[in-house]
$ cat data_15.txt   # compact mmCIF, C-alpha atoms
# COMPACT_ATOMS: atom_id res chain seq x y z
CA MET A 1 -13.77 1.63 12.34
CA LYS A 2 -16.69 0.28 14.39
CA ILE A 3 -17.82 3.86 15.08
CA LEU A 4 -17.73 4.68 11.38
CA PHE A 5 -19.74 1.54 10.56
CA LEU A 6 -22.46 2.50 13.03
CA ILE A 7 -22.64 6.01 11.57
CA VAL A 8 -22.99 4.55 8.06
CA ILE A 9 -25.91 2.37 9.19
CA ALA A 10 -27.59 5.37 10.82
CA ILE A 11 -27.16 7.73 7.86
CA LEU A 12 -27.89 5.50 4.84
CA PRO A 13 -31.71 5.64 5.25
CA LEU A 14 -31.56 9.40 4.56
CA GLY A 15 -30.98 8.49 0.92
CA LEU A 16 -34.61 7.36 0.82
CA PHE A 17 -35.70 10.99 1.31
CA GLY A 18 -33.88 12.36 -1.73
CA GLN A 19 -30.58 13.37 -0.18
CA ALA A 20 -27.50 11.74 -1.67
CA VAL A 21 -25.26 9.83 0.73
CA ASN A 22 -21.53 9.48 -0.02
CA VAL A 23 -19.50 6.76 1.69
CA ASN A 24 -15.73 6.63 1.17
CA LEU A 25 -12.99 4.23 2.31
CA GLY A 26 -9.34 4.48 1.42
CA LEU A 27 -5.67 4.89 2.27
CA VAL A 28 -4.23 8.03 3.83
CA GLY A 29 -0.70 9.28 4.32
CA ALA A 30 0.50 11.64 7.04
CA ILE A 31 3.24 14.18 6.34
CA PRO A 32 4.33 16.15 9.45
CA THR A 33 4.88 19.87 8.97
CA ASN A 34 6.00 22.92 11.01
CA GLU A 35 6.88 21.99 14.64
CA PHE A 36 5.76 18.40 14.18
CA LYS A 37 8.18 17.95 11.29
CA GLU A 38 11.07 19.11 13.47
CA ALA A 39 10.30 16.34 15.97
CA VAL A 40 9.72 13.58 13.39
CA PRO A 41 11.66 14.82 10.32
CA SER A 42 12.10 11.50 8.53
CA VAL A 43 8.79 9.81 9.34
CA TRP A 44 5.72 9.67 7.13
CA GLY A 45 2.67 7.96 8.46
CA LEU A 46 0.35 5.57 6.65
CA GLY A 47 -3.09 4.32 7.53
CA ALA A 48 -6.75 3.95 6.67
CA ALA A 49 -9.48 6.57 6.43
CA GLY A 50 -13.19 6.80 5.78
CA ASN A 51 -16.00 9.30 5.72
CA VAL A 52 -19.77 9.49 5.46
CA LEU A 53 -21.42 12.61 3.99
CA VAL A 54 -25.08 13.46 3.53
CA GLN A 55 -26.47 16.06 1.14
CA VAL A 56 -28.19 18.81 3.14
CA LYS A 57 -31.18 18.74 0.80
CA GLU A 58 -31.90 17.50 -2.69
CA THR A 59 -29.98 19.50 -5.38
CA SER A 60 -27.89 21.26 -2.70
CA PRO A 61 -24.08 21.36 -3.26
CA ILE A 62 -23.49 21.21 0.52
CA TYR A 63 -22.79 17.92 2.30
CA LEU A 64 -22.29 17.36 6.04
CA GLY A 65 -20.81 14.35 7.76
CA VAL A 66 -17.91 12.80 9.64
CA ASP A 67 -14.38 11.67 8.80
CA PHE A 68 -12.31 9.04 10.59
CA ASN A 69 -8.65 8.00 10.18
CA TYR A 70 -6.15 5.68 11.84
CA ILE A 71 -2.46 6.27 11.12
CA VAL A 72 0.80 4.62 12.21
CA TYR A 73 3.66 7.14 12.04
CA GLY A 74 6.55 5.03 13.31
CA THR A 75 7.32 1.44 14.34
CA GLU A 76 10.38 0.09 16.12
CA THR A 77 11.29 -3.36 17.52
CA ASN A 78 13.99 -3.72 20.21
CA GLN A 79 15.30 -6.66 22.21
CA GLU A 80 15.05 -6.16 25.97
CA ASP A 81 15.69 -8.32 29.05
CA MET A 82 12.63 -9.25 31.08
CA TYR A 83 11.73 -11.81 33.74
CA VAL A 84 9.26 -14.38 32.36
CA ASP A 85 7.99 -17.03 34.82
CA GLY A 86 10.93 -16.24 37.09
CA ASN A 87 13.55 -16.54 34.32
CA LEU A 88 15.45 -13.65 32.76
CA GLU A 89 14.79 -13.76 29.02
CA GLU A 90 15.46 -11.63 25.99
CA VAL A 91 12.12 -10.54 24.54
CA ASP A 92 11.07 -8.50 21.50
CA VAL A 93 9.30 -5.24 22.27
CA THR A 94 7.52 -3.64 19.31
CA ARG A 95 6.35 -0.05 19.71
CA ASN A 96 3.85 1.52 17.34
CA ASN A 97 3.27 5.27 17.33
CA ASN A 98 -0.36 5.83 16.37
CA MET A 99 -2.88 8.58 15.66
CA ILE A 100 -6.66 8.34 15.55
CA GLY A 101 -8.51 11.31 14.07
CA PHE A 102 -12.22 12.09 14.16
CA HIS A 103 -13.61 15.21 12.44
CA PHE A 104 -16.90 16.77 11.49
CA VAL A 105 -16.88 17.71 7.79
CA GLY A 106 -18.63 20.26 5.62
CA ARG A 107 -18.15 19.73 1.89
CA VAL A 108 -19.10 21.87 -1.11
CA LEU A 109 -19.58 19.54 -4.08
CA PRO A 110 -20.82 21.40 -7.19
CA ASP A 111 -23.23 19.47 -9.40
CA VAL A 112 -21.34 19.50 -12.70
CA ASP A 113 -22.19 17.26 -15.64
CA LEU A 114 -18.64 15.93 -15.96
CA PRO A 115 -16.87 12.66 -15.08
CA VAL A 116 -14.65 14.67 -12.67
CA GLN A 117 -16.17 16.58 -9.73
CA PRO A 118 -13.94 19.02 -7.80
CA TYR A 119 -14.80 19.81 -4.18
CA GLY A 120 -13.63 21.63 -1.08
CA GLU A 121 -14.00 20.76 2.61
CA LEU A 122 -13.76 22.31 6.05
CA MET A 123 -13.00 20.01 8.99
CA PHE A 124 -13.03 20.32 12.78
CA GLY A 125 -12.39 17.68 15.42
CA GLY A 126 -9.52 16.09 17.30
CA LYS A 127 -6.80 13.49 17.30
CA TYR A 128 -5.68 10.93 19.86
CA ILE A 129 -1.93 10.21 19.75
CA TYR A 130 -0.55 7.20 21.58
CA THR A 131 2.35 4.73 21.66
CA ARG A 132 1.48 1.07 22.14
CA SER A 133 4.08 -1.58 23.01
CA VAL A 134 3.66 -5.32 22.45
CA ILE A 135 5.99 -7.84 24.12
CA LYS A 136 6.73 -11.23 22.55
CA SER A 137 9.08 -14.12 23.30
CA ASP A 138 10.30 -16.97 21.10
CA ARG A 139 9.20 -19.45 23.81
CA TYR A 140 5.57 -18.33 23.67
CA GLU A 141 3.22 -18.20 20.70
CA ASP A 142 0.99 -15.50 22.23
CA LYS A 143 2.17 -12.02 23.12
CA LEU A 144 3.25 -11.66 26.76
CA GLY A 145 1.64 -8.28 27.22
CA ALA A 146 0.79 -4.90 25.78
CA ASP A 147 0.83 -1.40 27.23
CA THR A 148 -0.01 2.16 26.19
CA GLU A 149 3.10 4.03 27.30
CA VAL A 150 2.32 7.63 26.32
CA SER A 151 -0.97 9.14 25.12
CA ASP A 152 -2.52 12.58 24.61
CA TRP A 153 -5.32 14.46 22.84
CA ALA A 154 -5.21 17.54 20.59
CA ILE A 155 -7.77 19.58 18.69
CA SER A 156 -7.54 19.43 14.92
CA TYR A 157 -8.99 21.61 12.17
CA GLY A 158 -8.37 22.52 8.56
CA GLY A 159 -9.55 21.87 5.04
CA SER A 160 -9.27 19.72 1.93
CA ALA A 161 -9.28 20.10 -1.82
CA GLY A 162 -10.07 17.09 -3.96
CA VAL A 163 -11.75 15.51 -6.95
CA ASN A 164 -14.16 12.63 -7.46
CA ILE A 165 -13.45 10.70 -10.67
CA PHE A 166 -16.50 8.62 -11.59
CA LEU A 167 -15.72 5.10 -12.77
CA VAL A 168 -19.27 3.80 -13.19
CA GLN A 169 -22.65 4.99 -11.98
CA GLY A 170 -22.52 5.41 -8.20
CA LEU A 171 -18.83 4.48 -7.90
CA TYR A 172 -15.93 6.94 -7.96
CA LEU A 173 -12.23 7.33 -7.24
CA ASP A 174 -11.56 9.99 -4.59
CA LEU A 175 -8.29 11.95 -4.60
CA LYS A 176 -7.68 14.74 -2.11
CA LEU A 177 -5.10 16.61 -0.06
CA THR A 178 -5.97 17.74 3.47
CA TYR A 179 -4.18 20.19 5.76
CA LEU A 180 -4.98 19.85 9.46
CA ALA A 181 -3.60 22.26 12.05
CA GLY A 182 -3.19 20.34 15.31
CA GLY A 183 -2.98 21.62 18.87
CA GLU A 184 -0.11 20.79 21.22
CA ALA A 185 0.25 17.21 22.41
CA GLU A 186 2.80 14.94 24.05
CA TYR A 187 4.00 11.94 22.04
CA LEU A 188 6.88 9.59 21.31
CA THR A 189 8.81 9.18 18.08
CA ARG A 190 10.59 6.15 16.66
CA LYS A 191 13.81 6.87 18.62
CA SER A 192 12.22 8.21 21.81
CA VAL A 193 12.75 5.11 23.99
CA THR A 194 16.22 4.10 25.21
CA TYR A 195 17.49 1.76 27.92
CA ASP A 196 19.53 3.11 30.84
CA GLU A 197 21.87 0.20 31.65
CA LYS A 198 23.20 1.86 34.82
CA ASN A 199 19.77 2.18 36.41
CA GLU A 200 18.28 -0.76 34.47
CA GLN A 201 15.22 1.12 33.30
CA LEU A 202 13.67 2.53 30.14
CA VAL A 203 14.00 6.26 29.45
CA PHE A 204 11.23 8.00 27.52
CA ASP A 205 12.14 11.14 25.60
CA VAL A 206 8.63 12.58 25.41
CA LYS A 207 8.16 15.27 22.75
CA ARG A 208 5.64 18.12 22.94
CA SER A 209 4.66 20.34 20.03
CA LYS A 210 1.84 21.32 17.74
CA THR A 211 0.78 18.44 15.50
CA ASP A 212 0.19 19.92 12.03
CA LEU A 213 -0.18 17.46 9.15
CA PHE A 214 -0.67 17.18 5.41
CA LEU A 215 -2.82 14.15 4.55
CA PRO A 216 -2.83 12.84 0.96
CA HIS A 217 -5.76 10.48 0.44
CA ILE A 218 -6.88 7.99 -2.19
CA GLY A 219 -10.11 6.10 -1.80
CA ILE A 220 -13.10 4.47 -3.37
CA GLY A 221 -16.48 6.16 -2.88
CA PHE A 222 -20.07 5.08 -3.25
CA VAL A 223 -23.15 7.24 -3.85
CA PHE A 224 -26.46 6.02 -2.44

$ encode --input "data_15.txt" --output "C-alpha cells"
Amino acid sequence: MKILFLIVIAILPLGLFGQAVNVNLGLVGAIPTNEFKEAVPSVWGLGAAGNVLVQVKETSPIYLGVDFNYIVYGTETNQEDMYVDGNLEEVDVTRNNNMIGFHFVGRVLPDVDLPVQPYGELMFGGKYIYTRSVIKSDRYEDKLGADTEVSDWAISYGGSAGVNIFLVQGLYLDLKLTYLAGGEAEYLTRKSVTYDEKNEQLVFDVKRSKTDLFLPHIGIGFVF
C-alpha cells in the first residue's frame, strides 16, 4: 500500500491541468478458476485493492493508471514441537497463503450524463505468491519468528467490466468483475504442509499451475 500511496501523491497534481484523476480503495475477492481451481477447489481469497487512474486529456474517455491488490487465499494454524531456549515446547505455527498483484490499467469510461457510468478495462502486470509462517508460544507475548517458506512470481493479464454509481459530487461506489489469466507459479495451499513424524521434519507439497482468477471488487472512489 505504500507504493500506491506514493503513486497517488505523484499523480494528483495532474488534476490541476484539466485531466480528471480517479482514486479507488476497496475490498476484493479472489475466485480460482481453471488449473488453479483444481489445486485450491474450496478456497476463495479476500483482500484489499486500490487503483489510481488519470484521464489522458480533458474530455477523453480513456484513463491510464495502476492497480494494486493484496489477497489472502488460505490460513491454517497447527501446533508443532520446537526447541525454545533449549526446551522442547509446543508452539502455534500460523501459515498465510498470500498474493500481491500489481498491474498497469487502461480504462474506457464514457462521459454519460447519468448517475451510473459503465466502463471497461484492460490490465497487464504480475503477481507475487508466497506463504508466510508466524511462530508463537503461550510463554512469550511476541512472536518467536517468521519465515517465507515458498514464493514465486507470475505474469498476469486480463480485463474488467464495471460501473461507477455516483453517491454525491466527486464520490462514487465502484462495482466490477475482473478476469486475470495468470502464468505458471509454485505455491502452497491450506493443506500443503504436513509433519513427517518418522523423520521429524515438515513436508511441503508444493503445487505448480497457471494462476487464473476472477476478482469481484467493491470500492469507494474519488474524482479530483

$ atom_distance --input "data_15.txt" --atom1 "atom CA of A:Tyr130" --atom2 "atom CA of A:Lys176"
25.9 Å

$ closest_residue --input "data_15.txt" --among "A:Asn97, A:Gln19, A:Thr148, A:Asn51" --to "A:Lys191" --atoms "all atoms listed in the file"
A:Asn97

$ residues_near_point --input "data_15.txt" --point "(-8.8, 20.9, -1.1)" --cutoff "9 Å" --atoms "only C-alpha atoms" --output "PyMOL selection string"
chain A and resi 118-122+159-163+176-179

$ write_last_selection --input "data_15.txt" --atoms "C-alpha atoms" --output "PDB file, keeping the file's coordinate frame"
ATOM      1  CA  PRO A 118     -13.940  19.020  -7.800  1.00  0.00           C
ATOM      2  CA  TYR A 119     -14.800  19.810  -4.180  1.00  0.00           C
ATOM      3  CA  GLY A 120     -13.630  21.630  -1.080  1.00  0.00           C
ATOM      4  CA  GLU A 121     -14.000  20.760   2.610  1.00  0.00           C
ATOM      5  CA  LEU A 122     -13.760  22.310   6.050  1.00  0.00           C
ATOM      6  CA  GLY A 159      -9.550  21.870   5.040  1.00  0.00           C
ATOM      7  CA  SER A 160      -9.270  19.720   1.930  1.00  0.00           C
ATOM      8  CA  ALA A 161      -9.280  20.100  -1.820  1.00  0.00           C
ATOM      9  CA  GLY A 162     -10.070  17.090  -3.960  1.00  0.00           C
ATOM     10  CA  VAL A 163     -11.750  15.510  -6.950  1.00  0.00           C
ATOM     11  CA  LYS A 176      -7.680  14.740  -2.110  1.00  0.00           C
ATOM     12  CA  LEU A 177      -5.100  16.610  -0.060  1.00  0.00           C
ATOM     13  CA  THR A 178      -5.970  17.740   3.470  1.00  0.00           C
ATOM     14  CA  TYR A 179      -4.180  20.190   5.760  1.00  0.00           C
TER      15      TYR A 179
END

$ closest_residue --input "data_15.txt" --among "A:Leu213, A:Val193, A:Val223, A:Val108" --to "A:Glu76" --atoms "all atoms listed in the file"
A:Val193

$ closest_residue --input "data_15.txt" --among "A:Asn87, A:Ser209, A:Thr75, A:Gln117" --to "A:Gly45" --atoms "only C-alpha atoms"
A:Thr75

$ closest_residue --input "data_15.txt" --among "A:Ile100, A:Val66, A:Leu180, A:Val91" --to "A:Ile31" --atoms "all atoms listed in the file"
A:Leu180

$ atom_distance --input "data_15.txt" --atom1 "atom CA of A:Gly158" --atom2 "atom CA of A:Leu215"
10.8 Å

$ atom_distance --input "data_15.txt" --atom1 "atom CA of A:Lys207" --atom2 "atom CA of A:Trp44"
16.8 Å

$ residues_near_point --input "data_15.txt" --point "(0.7, 7.2, 5.9)" --cutoff "6 Å" --atoms "only C-alpha atoms" --output "MDAnalysis selection string"
chainID A and resid 28:30 44:47

$ closest_residue --input "data_15.txt" --among "A:Ile165, A:Ile135, A:Ala48, A:Leu64" --to "A:Glu80" --atoms "all atoms listed in the file"
A:Ile135

$ closest_residue --input "data_15.txt" --among "A:Gly106, A:Pro216, A:Gly125, A:Pro41" --to "A:Leu27" --atoms "all atoms listed in the file"
A:Pro216

$ residues_around --input "data_15.txt" --residues "A:Asn34" --least-positions-apart "3" --cutoff "7 Å" --atoms "all atoms listed in the file" --output "count of residues only"
3
